[in-house]
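target-v4.pdb (PDB, N, CA and C atoms, pLDDT in the B column) appears below.
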```
ATOM      1  N   MET A  35      -6.087 -20.250 -11.965  1.00 46.00           N
ATOM      2  CA  MET A  35      -6.398 -18.830 -12.055  1.00 46.00           C
ATOM      3  C   MET A  35      -5.505 -18.075 -11.067  1.00 46.00           C
ATOM      4  N   ALA A  36      -4.867 -17.020 -11.533  1.00 48.00           N
ATOM      5  CA  ALA A  36      -3.987 -16.217 -10.679  1.00 48.00           C
ATOM      6  C   ALA A  36      -4.829 -15.367  -9.733  1.00 48.00           C
ATOM      7  N   PRO A  37      -4.329 -15.152  -8.506  1.00 59.00           N
ATOM      8  CA  PRO A  37      -5.075 -14.303  -7.565  1.00 59.00           C
ATOM      9  C   PRO A  37      -5.103 -12.856  -8.040  1.00 59.00           C
ATOM     10  N   LEU A  38      -6.162 -12.165  -7.704  1.00 70.00           N
ATOM     11  CA  LEU A  38      -6.271 -10.753  -8.043  1.00 70.00           C
ATOM     12  C   LEU A  38      -5.295  -9.959  -7.195  1.00 70.00           C
ATOM     13  N   VAL A  39      -4.639  -9.002  -7.820  1.00 78.00           N
ATOM     14  CA  VAL A  39      -3.670  -8.172  -7.120  1.00 78.00           C
ATOM     15  C   VAL A  39      -3.906  -6.721  -7.519  1.00 78.00           C
ATOM     16  N   VAL A  40      -3.887  -5.845  -6.536  1.00 74.00           N
ATOM     17  CA  VAL A  40      -3.964  -4.410  -6.776  1.00 74.00           C
ATOM     18  C   VAL A  40      -2.541  -3.879  -6.699  1.00 74.00           C
ATOM     19  N   GLU A  41      -2.113  -3.156  -7.720  1.00 77.00           N
ATOM     20  CA  GLU A  41      -0.777  -2.561  -7.720  1.00 77.00           C
ATOM     21  C   GLU A  41      -0.907  -1.052  -7.769  1.00 77.00           C
ATOM     22  N   VAL A  42      -0.136  -0.383  -6.916  1.00 71.00           N
ATOM     23  CA  VAL A  42      -0.159   1.071  -6.815  1.00 71.00           C
ATOM     24  C   VAL A  42       1.281   1.562  -6.822  1.00 71.00           C
ATOM     25  N   ALA A  43       1.571   2.599  -7.594  1.00 75.00           N
ATOM     26  CA  ALA A  43       2.905   3.191  -7.632  1.00 75.00           C
ATOM     27  C   ALA A  43       2.849   4.589  -7.032  1.00 75.00           C
ATOM     28  N   VAL A  44       3.761   4.851  -6.083  1.00 69.00           N
ATOM     29  CA  VAL A  44       3.829   6.150  -5.418  1.00 69.00           C
ATOM     30  C   VAL A  44       5.292   6.509  -5.219  1.00 69.00           C
ATOM     31  N   ASP A  45       5.741   7.600  -5.815  1.00 71.00           N
ATOM     32  CA  ASP A  45       7.088   8.134  -5.593  1.00 71.00           C
ATOM     33  C   ASP A  45       8.189   7.074  -5.593  1.00 71.00           C
ATOM     34  N   GLY A  46       8.272   6.299  -6.662  1.00 79.00           N
ATOM     35  CA  GLY A  46       9.343   5.322  -6.777  1.00 79.00           C
ATOM     36  C   GLY A  46       9.117   4.042  -6.000  1.00 79.00           C
ATOM     37  N   LEU A  47       7.952   3.891  -5.430  1.00 82.00           N
ATOM     38  CA  LEU A  47       7.602   2.666  -4.706  1.00 82.00           C
ATOM     39  C   LEU A  47       6.448   1.993  -5.419  1.00 82.00           C
ATOM     40  N   ALA A  48       6.429   0.671  -5.374  1.00 84.00           N
ATOM     41  CA  ALA A  48       5.302  -0.078  -5.919  1.00 84.00           C
ATOM     42  C   ALA A  48       4.725  -0.931  -4.798  1.00 84.00           C
ATOM     43  N   PHE A  49       3.422  -0.833  -4.618  1.00 83.00           N
ATOM     44  CA  PHE A  49       2.714  -1.603  -3.591  1.00 83.00           C
ATOM     45  C   PHE A  49       1.838  -2.636  -4.288  1.00 83.00           C
ATOM     46  N   SER A  50       1.862  -3.865  -3.795  1.00 88.00           N
ATOM     47  CA  SER A  50       0.998  -4.923  -4.318  1.00 88.00           C
ATOM     48  C   SER A  50       0.237  -5.526  -3.154  1.00 88.00           C
ATOM     49  N   MET A  51      -1.062  -5.749  -3.378  1.00 89.00           N
ATOM     50  CA  MET A  51      -1.902  -6.311  -2.320  1.00 89.00           C
ATOM     51  C   MET A  51      -3.158  -6.890  -2.938  1.00 89.00           C
ATOM     52  N   ALA A  52      -3.848  -7.706  -2.188  1.00 90.00           N
ATOM     53  CA  ALA A  52      -5.135  -8.236  -2.627  1.00 90.00           C
ATOM     54  C   ALA A  52      -6.168  -7.117  -2.570  1.00 90.00           C
ATOM     55  N   PRO A  53      -7.221  -7.204  -3.378  1.00 89.00           N
ATOM     56  CA  PRO A  53      -8.239  -6.155  -3.374  1.00 89.00           C
ATOM     57  C   PRO A  53      -8.862  -5.903  -2.005  1.00 89.00           C
ATOM     58  N   ASP A  54      -9.056  -6.951  -1.208  1.00 91.00           N
ATOM     59  CA  ASP A  54      -9.646  -6.741   0.121  1.00 91.00           C
ATOM     60  C   ASP A  54      -8.701  -5.969   1.034  1.00 91.00           C
ATOM     61  N   VAL A  55      -7.409  -6.197   0.888  1.00 90.00           N
ATOM     62  CA  VAL A  55      -6.417  -5.454   1.681  1.00 90.00           C
ATOM     63  C   VAL A  55      -6.407  -3.993   1.240  1.00 90.00           C
ATOM     64  N   ALA A  56      -6.475  -3.753  -0.064  1.00 85.00           N
ATOM     65  CA  ALA A  56      -6.521  -2.379  -0.573  1.00 85.00           C
ATOM     66  C   ALA A  56      -7.733  -1.645  -0.015  1.00 85.00           C
ATOM     67  N   ALA A  57      -8.875  -2.318   0.039  1.00 87.00           N
ATOM     68  CA  ALA A  57     -10.088  -1.694   0.571  1.00 87.00           C
ATOM     69  C   ALA A  57      -9.924  -1.360   2.047  1.00 87.00           C
ATOM     70  N   LEU A  58      -9.311  -2.261   2.817  1.00 90.00           N
ATOM     71  CA  LEU A  58      -9.088  -2.001   4.244  1.00 90.00           C
ATOM     72  C   LEU A  58      -8.123  -0.840   4.455  1.00 90.00           C
ATOM     73  N   LEU A  59      -7.086  -0.767   3.626  1.00 84.00           N
ATOM     74  CA  LEU A  59      -6.125   0.331   3.733  1.00 84.00           C
ATOM     75  C   LEU A  59      -6.783   1.663   3.381  1.00 84.00           C
ATOM     76  N   ARG A  60      -7.567   1.680   2.301  1.00 82.00           N
ATOM     77  CA  ARG A  60      -8.250   2.917   1.899  1.00 82.00           C
ATOM     78  C   ARG A  60      -9.216   3.407   2.963  1.00 82.00           C
ATOM     79  N   SER A  61      -9.899   2.477   3.619  1.00 84.00           N
ATOM     80  CA  SER A  61     -10.891   2.873   4.632  1.00 84.00           C
ATOM     81  C   SER A  61     -10.242   3.272   5.949  1.00 84.00           C
ATOM     82  N   GLY A  62      -8.959   2.922   6.108  1.00 83.00           N
ATOM     83  CA  GLY A  62      -8.276   3.205   7.370  1.00 83.00           C
ATOM     84  C   GLY A  62      -8.452   2.107   8.405  1.00 83.00           C
ATOM     85  N   SER A  63      -9.103   1.003   8.031  1.00 90.00           N
ATOM     86  CA  SER A  63      -9.317  -0.111   8.959  1.00 90.00           C
ATOM     87  C   SER A  63      -8.064  -0.940   9.184  1.00 90.00           C
ATOM     88  N   LEU A  64      -7.112  -0.858   8.268  1.00 89.00           N
ATOM     89  CA  LEU A  64      -5.859  -1.598   8.371  1.00 89.00           C
ATOM     90  C   LEU A  64      -4.712  -0.626   8.220  1.00 89.00           C
ATOM     91  N   ASP A  65      -3.783  -0.667   9.140  1.00 86.00           N
ATOM     92  CA  ASP A  65      -2.614   0.200   9.100  1.00 86.00           C
ATOM     93  C   ASP A  65      -1.599  -0.377   8.105  1.00 86.00           C
ATOM     94  N   PRO A  66      -1.016   0.439   7.220  1.00 84.00           N
ATOM     95  CA  PRO A  66      -0.071  -0.081   6.232  1.00 84.00           C
ATOM     96  C   PRO A  66       1.141  -0.783   6.834  1.00 84.00           C
ATOM     97  N   ASP A  67       1.668  -0.287   7.947  1.00 83.00           N
ATOM     98  CA  ASP A  67       2.830  -0.968   8.516  1.00 83.00           C
ATOM     99  C   ASP A  67       2.456  -2.337   9.073  1.00 83.00           C
ATOM    100  N   VAL A  68       1.250  -2.477   9.599  1.00 91.00           N
ATOM    101  CA  VAL A  68       0.771  -3.779  10.074  1.00 91.00           C
ATOM    102  C   VAL A  68       0.585  -4.722   8.884  1.00 91.00           C
ATOM    103  N   ALA A  69      -0.025  -4.212   7.811  1.00 91.00           N
ATOM    104  CA  ALA A  69      -0.227  -5.030   6.606  1.00 91.00           C
ATOM    105  C   ALA A  69       1.113  -5.501   6.050  1.00 91.00           C
ATOM    106  N   TYR A  70       2.114  -4.627   6.060  1.00 89.00           N
ATOM    107  CA  TYR A  70       3.447  -4.989   5.566  1.00 89.00           C
ATOM    108  C   TYR A  70       4.053  -6.080   6.438  1.00 89.00           C
ATOM    109  N   MET A  71       3.989  -5.899   7.747  1.00 92.00           N
ATOM    110  CA  MET A  71       4.578  -6.878   8.666  1.00 92.00           C
ATOM    111  C   MET A  71       3.865  -8.233   8.593  1.00 92.00           C
ATOM    112  N   GLN A  72       2.581  -8.227   8.257  1.00 96.00           N
ATOM    113  CA  GLN A  72       1.822  -9.468   8.126  1.00 96.00           C
ATOM    114  C   GLN A  72       2.015 -10.112   6.751  1.00 96.00           C
ATOM    115  N   GLY A  73       2.701  -9.420   5.847  1.00 95.00           N
ATOM    116  CA  GLY A  73       2.907  -9.947   4.505  1.00 95.00           C
ATOM    117  C   GLY A  73       1.722  -9.739   3.585  1.00 95.00           C
ATOM    118  N   ARG A  74       0.776  -8.941   4.002  1.00 94.00           N
ATOM    119  CA  ARG A  74      -0.417  -8.679   3.188  1.00 94.00           C
ATOM    120  C   ARG A  74      -0.195  -7.534   2.208  1.00 94.00           C
ATOM    121  N   LEU A  75       0.823  -6.721   2.464  1.00 90.00           N
ATOM    122  CA  LEU A  75       1.202  -5.606   1.602  1.00 90.00           C
ATOM    123  C   LEU A  75       2.642  -5.830   1.169  1.00 90.00           C
ATOM    124  N   LYS A  76       2.855  -5.974  -0.117  1.00 90.00           N
ATOM    125  CA  LYS A  76       4.200  -6.156  -0.668  1.00 90.00           C
ATOM    126  C   LYS A  76       4.686  -4.817  -1.191  1.00 90.00           C
ATOM    127  N   VAL A  77       5.956  -4.525  -0.948  1.00 88.00           N
ATOM    128  CA  VAL A  77       6.529  -3.252  -1.370  1.00 88.00           C
ATOM    129  C   VAL A  77       7.800  -3.533  -2.158  1.00 88.00           C
ATOM    130  N   SER A  78       7.968  -2.845  -3.285  1.00 89.00           N
ATOM    131  CA  SER A  78       9.221  -2.927  -4.024  1.00 89.00           C
ATOM    132  C   SER A  78       9.650  -1.508  -4.381  1.00 89.00           C
ATOM    133  N   GLY A  79      10.935  -1.365  -4.598  1.00 90.00           N
ATOM    134  CA  GLY A  79      11.482  -0.043  -4.897  1.00 90.00           C
ATOM    135  C   GLY A  79      12.376   0.422  -3.772  1.00 90.00           C
ATOM    136  N   ASP A  80      12.377   1.701  -3.520  1.00 87.00           N
ATOM    137  CA  ASP A  80      13.238   2.326  -2.515  1.00 87.00           C
ATOM    138  C   ASP A  80      12.666   2.090  -1.115  1.00 87.00           C
ATOM    139  N   MET A  81      13.176   1.070  -0.429  1.00 87.00           N
ATOM    140  CA  MET A  81      12.649   0.709   0.885  1.00 87.00           C
ATOM    141  C   MET A  81      12.911   1.800   1.925  1.00 87.00           C
ATOM    142  N   ALA A  82      13.991   2.544   1.774  1.00 88.00           N
ATOM    143  CA  ALA A  82      14.251   3.653   2.708  1.00 88.00           C
ATOM    144  C   ALA A  82      13.125   4.681   2.599  1.00 88.00           C
ATOM    145  N   ALA A  83      12.685   4.939   1.371  1.00 83.00           N
ATOM    146  CA  ALA A  83      11.564   5.877   1.167  1.00 83.00           C
ATOM    147  C   ALA A  83      10.293   5.320   1.795  1.00 83.00           C
ATOM    148  N   PHE A  84      10.077   4.011   1.677  1.00 81.00           N
ATOM    149  CA  PHE A  84       8.898   3.393   2.289  1.00 81.00           C
ATOM    150  C   PHE A  84       8.899   3.616   3.792  1.00 81.00           C
ATOM    151  N   PHE A  85      10.025   3.354   4.440  1.00 82.00           N
ATOM    152  CA  PHE A  85      10.088   3.528   5.891  1.00 82.00           C
ATOM    153  C   PHE A  85       9.991   5.005   6.285  1.00 82.00           C
ATOM    154  N   ASP A  86      10.453   5.901   5.414  1.00 83.00           N
ATOM    155  CA  ASP A  86      10.276   7.336   5.670  1.00 83.00           C
ATOM    156  C   ASP A  86       8.806   7.738   5.577  1.00 83.00           C
ATOM    157  N   LEU A  87       8.055   7.070   4.696  1.00 78.00           N
ATOM    158  CA  LEU A  87       6.642   7.396   4.496  1.00 78.00           C
ATOM    159  C   LEU A  87       5.715   6.782   5.539  1.00 78.00           C
ATOM    160  N   LEU A  88       6.168   5.775   6.255  1.00 78.00           N
ATOM    161  CA  LEU A  88       5.286   5.090   7.203  1.00 78.00           C
ATOM    162  C   LEU A  88       4.605   6.019   8.202  1.00 78.00           C
ATOM    163  N   PRO A  89       5.282   7.032   8.737  1.00 80.00           N
ATOM    164  CA  PRO A  89       4.574   7.921   9.663  1.00 80.00           C
ATOM    165  C   PRO A  89       3.378   8.640   9.023  1.00 80.00           C
ATOM    166  N   LEU A  90       3.381   8.755   7.696  1.00 77.00           N
ATOM    167  CA  LEU A  90       2.289   9.422   6.987  1.00 77.00           C
ATOM    168  C   LEU A  90       1.215   8.446   6.526  1.00 77.00           C
ATOM    169  N   ALA A  91       1.397   7.166   6.803  1.00 73.00           N
ATOM    170  CA  ALA A  91       0.537   6.122   6.238  1.00 73.00           C
ATOM    171  C   ALA A  91      -0.927   6.252   6.643  1.00 73.00           C
ATOM    172  N   GLY A  92      -1.205   6.857   7.752  1.00 72.00           N
ATOM    173  CA  GLY A  92      -2.591   7.006   8.171  1.00 72.00           C
ATOM    174  C   GLY A  92      -3.276   8.232   7.598  1.00 72.00           C
ATOM    175  N   SER A  93      -2.546   9.001   6.802  1.00 77.00           N
ATOM    176  CA  SER A  93      -3.090  10.260   6.293  1.00 77.00           C
ATOM    177  C   SER A  93      -4.059  10.038   5.127  1.00 77.00           C
ATOM    178  N   PRO A  94      -4.984  10.968   4.927  1.00 78.00           N
ATOM    179  CA  PRO A  94      -5.894  10.886   3.778  1.00 78.00           C
ATOM    180  C   PRO A  94      -5.143  10.876   2.439  1.00 78.00           C
ATOM    181  N   ALA A  95      -4.026  11.583   2.346  1.00 75.00           N
ATOM    182  CA  ALA A  95      -3.260  11.624   1.094  1.00 75.00           C
ATOM    183  C   ALA A  95      -2.730  10.241   0.736  1.00 75.00           C
ATOM    184  N   PHE A  96      -2.292   9.489   1.736  1.00 73.00           N
ATOM    185  CA  PHE A  96      -1.800   8.137   1.482  1.00 73.00           C
ATOM    186  C   PHE A  96      -2.937   7.248   0.999  1.00 73.00           C
ATOM    187  N   ARG A  97      -4.102   7.361   1.647  1.00 71.00           N
ATOM    188  CA  ARG A  97      -5.252   6.546   1.232  1.00 71.00           C
ATOM    189  C   ARG A  97      -5.700   6.924  -0.185  1.00 71.00           C
ATOM    190  N   GLU A  98      -5.600   8.202  -0.523  1.00 74.00           N
ATOM    191  CA  GLU A  98      -5.910   8.647  -1.884  1.00 74.00           C
ATOM    192  C   GLU A  98      -4.967   8.022  -2.890  1.00 74.00           C
ATOM    193  N   ALA A  99      -3.670   7.995  -2.540  1.00 71.00           N
ATOM    194  CA  ALA A  99      -2.673   7.392  -3.432  1.00 71.00           C
ATOM    195  C   ALA A  99      -2.979   5.918  -3.651  1.00 71.00           C
ATOM    196  N   LEU A 100      -3.432   5.225  -2.629  1.00 67.00           N
ATOM    197  CA  LEU A 100      -3.761   3.814  -2.784  1.00 67.00           C
ATOM    198  C   LEU A 100      -4.978   3.605  -3.690  1.00 67.00           C
ATOM    199  N   ALA A 101      -5.793   4.622  -3.805  1.00 68.00           N
ATOM    200  CA  ALA A 101      -6.985   4.513  -4.646  1.00 68.00           C
ATOM    201  C   ALA A 101      -6.646   4.678  -6.131  1.00 68.00           C
ATOM    202  N   ARG A 102      -5.447   5.227  -6.438  1.00 65.00           N
ATOM    203  CA  ARG A 102      -5.063   5.432  -7.835  1.00 65.00           C
ATOM    204  C   ARG A 102      -4.413   4.165  -8.370  1.00 65.00           C
ATOM    205  N   PRO A 103      -4.711   3.763  -9.598  1.00 59.00           N
ATOM    206  CA  PRO A 103      -4.058   2.589 -10.198  1.00 59.00           C
ATOM    207  C   PRO A 103      -2.613   2.885 -10.541  1.00 59.00           C
ATOM    208  N   ALA A 104      -1.794   1.830 -10.599  1.00 55.00           N
ATOM    209  CA  ALA A 104      -0.391   1.986 -10.969  1.00 55.00           C
ATOM    210  C   ALA A 104      -0.297   2.417 -12.424  1.00 55.00           C
ATOM    211  N   GLU A 105       0.721   3.174 -12.726  1.00 53.00           N
ATOM    212  CA  GLU A 105       0.911   3.654 -14.114  1.00 53.00           C
ATOM    213  C   GLU A 105       1.766   2.695 -14.885  1.00 53.00           C
TER     214      GLU A 105
END
```
Spit out the file's structure as structure tokens when you get a sec.
Amino acid sequence: MAPLVVEVAVDGLAFSMAPDVAALLRSGSLDPDVAYMQGRLKVSGDMAAFFDLLPLAGSPAFREALARPAE
């Protein structure tokens, strides 16, 4: 059985993570840059845009984006 993965697309970036990681990110209990460095958050797409967005990662708008499913 394949592991469950949550995928989210935001401005040309795709984020993949386990459901428990997504819940921690949405609640603000886990910082996205920490999750990325730990390998718990996978990112594909424009990595420069990802690093530009990191300062905003703690914002409610970012957590809202993580709550939306990928298109």
Go through range 39-105 of chain A and collect every residue that DSSP, computed from the backbone, puts in strand (DSSP E or B); the answer should be as a PyMOL selection string.
chain A and resi 40-44+47-51+75-79
Residue members of the PyMOL selection byres (((chain A and resi 89-101 and name CA) around 12) and name CA) in the file shown, as a count of residues only
39
When you draw a straight line from CA of Leu38 in chain A to atom C of Met81 in chain A, how long is it in Å?
25.0 Å
One number please: atom N of Val39 in chain A to atom N of Ala82 in chain A, in Å, one decimal.
23.9 Å
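In this structure, atom C of Asp54 in chain A sits 17.0 Å away from atom C of Val77 in chain A.
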